[in-house]
Amino acid sequence: MTTAKPGRRGRPGYDLESLLTVAVKLFNERGYDGTSMEDLSKKLGITKSAIYHHVPSKEEMLRLAVDRALDGLFAVADEVSAENGRAIDRLERLVRGSVAVLVEQLPFVTLLLRVRGNTKVERAALARRREFDRIVTDLVKEAEAEGDVRPDVDPAVTSRLLFGMVNSLIEWYRPRGGASGEELADAICKIAFTGLRQP
């Protein structure tokens with residue numbers, strides 16, 4: 001039996017993962033369009049050819065980054081869709097799981113939520129986001145049909161407002177010294193599913 005050879009590495013200390021971490025940080029700071037391969041090579045202290053050793057293009061780095069966020073969200077959606085029970089409970093689990101993905105992959109989710117469709121990769125990411133939005137809307141519709149969600153608000157609006165709360169975390173949440181992902185999920189679910197007003 002032969003063992004697989006480890007992938008080649010560029011300059012010591014830089015593998016695809018660390019490269020991607022730096023690229024995503026720069027994309028979030030300067031915008032994807034405002035970040036060049038030259039910017040990346042300067043930030044990393046390696047040549048552009050060393051970057052190309054790991055990844056063929058800047059666009060491929062963007063694809064890897066947004067797919068990481070999307071794959072996490074769809075993994076949660078797949079888990080929830082495999083469950084039984086009332087739609088309102090599955091919707092809450094989807095919200096909680098999405099908050100967990102956001103907290104664990106904050107730079108990647110931040111980048112995903114900032115793409116605007118200027119490239120093929122961005123358009124593909126937006127299409128997957130719309131697919132995720134449909135999953136949420138369908139759950140809201142199901143919960144409405146079961147009598148657990150008020151019927152006087154359009155389900156698509158409800159799902160957008162619900163995930164507007166979740167997505168707003170990228171603007172202010174900071175992992176160090178802040179609330180845990182579980183505490184954030186609790187707060188969002190209390191506001192969304194119970195409300196602000198004291199009973």
# chains A, B, ... in the order shown; residues from 1 in each chain; ligands from 1
call {"tool": "select_by_dssp", "arguments": {"residues": "segment 4-185 of chain A", "states": "alpha helix (DSSP H)", "output": "ChimeraX atom specification"}}
result
/A:16-30,37-44,48-54,58-81,87-104,106-114,120-145,155-167,169-172,181-185
call {"tool": "residues_around", "arguments": {"residues": "segment 94-106 of chain A", "least_positions_apart": "2", "cutoff": "7 Å", "atoms": "only C-alpha atoms", "output": "PyMOL selection string"}}
result
chain A and resi 69+72-73+76-77+80+90-92+108-110+166+170+181+185
call {"tool": "write_last_selection", "arguments": {"atoms": "N, CA and C atoms", "output": "mmCIF file, in the first residue's frame"}}
result
data_model
loop_
_atom_site.group_PDB
_atom_site.id
_atom_site.type_symbol
_atom_site.label_atom_id
_atom_site.label_comp_id
_atom_site.auth_asym_id
_atom_site.auth_seq_id
_atom_site.Cartn_x
_atom_site.Cartn_y
_atom_site.Cartn_z
ATOM 1 N N ALA A 69 -18.192 29.481 3.237
ATOM 2 C CA ALA A 69 -19.350 30.018 3.960
ATOM 3 C C ALA A 69 -20.639 29.346 3.502
ATOM 4 N N GLY A 72 -21.059 25.702 4.612
ATOM 5 C CA GLY A 72 -21.447 25.626 6.022
ATOM 6 C C GLY A 72 -22.934 25.854 6.199
ATOM 7 N N LEU A 73 -23.479 26.861 5.522
ATOM 8 C CA LEU A 73 -24.906 27.163 5.626
ATOM 9 C C LEU A 73 -25.759 26.042 5.051
ATOM 10 N N VAL A 76 -26.034 23.017 7.339
ATOM 11 C CA VAL A 76 -27.052 23.221 8.373
ATOM 12 C C VAL A 76 -28.443 23.009 7.775
ATOM 13 N N ALA A 77 -28.678 23.573 6.592
ATOM 14 C CA ALA A 77 -29.986 23.427 5.940
ATOM 15 C C ALA A 77 -30.291 21.956 5.650
ATOM 16 N N VAL A 80 -31.287 20.218 8.900
ATOM 17 C CA VAL A 80 -32.633 20.617 9.298
ATOM 18 C C VAL A 80 -33.687 19.954 8.417
ATOM 19 N N ARG A 90 -37.853 23.645 13.288
ATOM 20 C CA ARG A 90 -36.767 23.460 12.308
ATOM 21 C C ARG A 90 -36.221 24.807 11.860
ATOM 22 N N LEU A 91 -37.109 25.796 11.738
ATOM 23 C CA LEU A 91 -36.672 27.145 11.375
ATOM 24 C C LEU A 91 -35.752 27.709 12.458
ATOM 25 N N GLU A 92 -36.101 27.511 13.701
ATOM 26 C CA GLU A 92 -35.252 27.988 14.794
ATOM 27 C C GLU A 92 -33.895 27.287 14.769
ATOM 28 N N PHE A 108 -15.177 34.681 6.297
ATOM 29 C CA PHE A 108 -15.682 34.071 5.066
ATOM 30 C C PHE A 108 -17.139 34.449 4.822
ATOM 31 N N VAL A 109 -17.953 34.450 5.890
ATOM 32 C CA VAL A 109 -19.360 34.854 5.754
ATOM 33 C C VAL A 109 -19.444 36.348 5.455
ATOM 34 N N THR A 110 -18.575 37.138 6.076
ATOM 35 C CA THR A 110 -18.541 38.577 5.797
ATOM 36 C C THR A 110 -18.294 38.810 4.315
ATOM 37 N N VAL A 166 -29.627 37.940 11.558
ATOM 38 C CA VAL A 166 -28.452 37.055 11.601
ATOM 39 C C VAL A 166 -27.287 37.707 10.863
ATOM 40 N N ILE A 170 -22.241 40.418 11.147
ATOM 41 C CA ILE A 170 -20.927 40.679 10.535
ATOM 42 C C ILE A 170 -20.487 42.119 10.734
ATOM 43 N N GLY A 181 -21.317 32.427 20.383
ATOM 44 C CA GLY A 181 -22.257 32.135 19.308
ATOM 45 C C GLY A 181 -23.589 31.648 19.830
ATOM 46 N N ALA A 185 -27.197 33.372 19.300
ATOM 47 C CA ALA A 185 -28.321 32.616 18.739
ATOM 48 C C ALA A 185 -29.524 32.685 19.671
#
call {"tool": "residues_around", "arguments": {"residues": "segment 55-61 of chain A", "least_positions_apart": "2", "cutoff": "7 Å", "atoms": "only C-alpha atoms", "output": "CSV table (one decimal) with all heavy atoms, in the first residue's frame"}}
result
chain,number,residue,atom,x,y,z
A,20,LEU,N,-5.3,31.7,2.1
A,20,LEU,CA,-6.7,32.1,2.0
A,20,LEU,C,-7.2,33.0,3.1
A,20,LEU,O,-7.9,34.0,2.9
A,20,LEU,CB,-7.6,30.8,2.0
A,20,LEU,CG,-9.0,30.9,1.5
A,20,LEU,CD1,-9.0,31.4,0.0
A,20,LEU,CD2,-9.6,29.5,1.5
A,37,MET,N,-3.2,40.9,-6.9
A,37,MET,CA,-2.3,39.8,-6.5
A,37,MET,C,-1.0,40.5,-6.0
A,37,MET,O,-0.3,39.9,-5.1
A,37,MET,CB,-2.0,38.9,-7.7
A,37,MET,CG,-3.2,38.1,-8.2
A,37,MET,SD,-3.7,37.0,-6.9
A,37,MET,CE,-2.7,35.5,-7.2
A,51,ILE,N,2.3,32.4,-4.8
A,51,ILE,CA,0.9,32.3,-4.6
A,51,ILE,C,0.3,31.4,-5.7
A,51,ILE,O,-0.6,30.6,-5.4
A,51,ILE,CB,0.2,33.8,-4.7
A,51,ILE,CG1,0.7,34.6,-3.6
A,51,ILE,CG2,-1.3,33.6,-4.6
A,51,ILE,CD1,0.3,36.1,-3.7
A,52,TYR,N,0.7,31.6,-6.9
A,52,TYR,CA,0.1,30.8,-8.0
A,52,TYR,C,0.5,29.3,-7.9
A,52,TYR,O,-0.1,28.4,-8.5
A,52,TYR,CB,0.6,31.3,-9.4
A,52,TYR,CG,0.0,32.6,-9.8
A,52,TYR,CD1,0.8,33.7,-10.1
A,52,TYR,CD2,-1.4,32.8,-9.8
A,52,TYR,CE1,0.3,34.9,-10.5
A,52,TYR,CE2,-1.9,34.1,-10.1
A,52,TYR,CZ,-1.1,35.1,-10.5
A,52,TYR,OH,-1.6,36.3,-10.8
A,53,HIS,N,1.5,29.0,-7.1
A,53,HIS,CA,1.9,27.7,-6.7
A,53,HIS,C,0.7,26.9,-6.0
A,53,HIS,O,0.5,25.8,-6.2
A,53,HIS,CB,3.1,27.7,-5.8
A,53,HIS,CG,3.5,26.3,-5.3
A,53,HIS,ND1,4.2,25.4,-5.9
A,53,HIS,CD2,3.2,25.8,-4.1
A,53,HIS,CE1,4.4,24.4,-5.2
A,53,HIS,NE2,3.8,24.5,-4.0
A,63,ARG,N,-13.6,32.1,-4.9
A,63,ARG,CA,-14.5,31.0,-4.9
A,63,ARG,C,-14.4,30.1,-3.7
A,63,ARG,O,-15.3,29.7,-3.1
A,63,ARG,CB,-14.3,30.2,-6.2
A,63,ARG,CG,-15.4,29.0,-6.4
A,63,ARG,CD,-15.0,28.1,-7.5
A,63,ARG,NE,-13.8,27.3,-7.2
A,63,ARG,CZ,-13.7,26.3,-6.3
A,63,ARG,NH1,-14.8,25.9,-5.7
A,63,ARG,NH2,-12.6,25.6,-6.1
A,64,LEU,N,-13.1,29.8,-3.4
A,64,LEU,CA,-12.9,28.9,-2.2
A,64,LEU,C,-13.4,29.6,-0.9
A,64,LEU,O,-14.0,28.9,-0.1
A,64,LEU,CB,-11.4,28.7,-2.1
A,64,LEU,CG,-10.7,27.8,-3.1
A,64,LEU,CD1,-9.2,27.9,-3.0
A,64,LEU,CD2,-11.2,26.3,-3.0
A,65,ALA,N,-13.3,30.9,-0.8
A,65,ALA,CA,-13.7,31.6,0.4
A,65,ALA,C,-15.2,31.6,0.5
A,65,ALA,O,-15.8,31.2,1.5
A,65,ALA,CB,-13.2,33.0,0.4
A,121,VAL,N,-17.8,34.1,-10.4
A,121,VAL,CA,-17.8,33.5,-9.0
A,121,VAL,C,-18.8,34.2,-8.1
A,121,VAL,O,-19.6,33.5,-7.4
A,121,VAL,CB,-16.4,33.6,-8.4
A,121,VAL,CG1,-16.4,33.2,-6.9
A,121,VAL,CG2,-15.5,32.6,-9.2
call {"tool": "atom_distance", "arguments": {"atom1": "atom CA of Arg114 of chain A", "atom2": "atom CA of Ser159 of chain A"}}
result
19.0 Å
call {"tool": "atom_distance", "arguments": {"atom1": "atom CA of Asn118 of chain A", "atom2": "atom CA of Arg68 of chain A"}}
result
19.3 Å
call {"tool": "closest_residue", "arguments": {"among": "A:Ala87, A:Asp15, A:Val24, A:Phe74", "to": "His54 of chain A", "atoms": "only C-alpha atoms"}}
result
A:Asp15
call {"tool": "closest_residue", "arguments": {"among": "A:Asp138, A:Asp39, A:Asp67, A:Glu144", "to": "Glu122 of chain A", "atoms": "only C-alpha atoms"}}
result
A:Asp67
call {"tool": "residues_around", "arguments": {"residues": "Val140 of chain A", "least_positions_apart": "4", "cutoff": "10 Å", "atoms": "only C-alpha atoms", "output": "ChimeraX atom specification"}}
result
/A:87-88,90-91,134-136,144-146,148-151,154-159
call {"tool": "atom_distance", "arguments": {"atom1": "atom CA of Glu38 of chain A", "atom2": "atom CA of Lys120 of chain A"}}
result
21.8 Å
call {"tool": "residues_around", "arguments": {"residues": "segment 191-198 of chain A", "least_positions_apart": "2", "cutoff": "8 Å", "atoms": "only C-alpha atoms", "output": "VMD selection string"}}
result
chain A and resid 92 162 187 to 189
call {"tool": "closest_residue", "arguments": {"among": "A:Ala75, A:Leu44, A:Arg116, A:Thr35", "to": "Leu19 of chain A", "atoms": "only C-alpha atoms"}}
result
A:Leu44
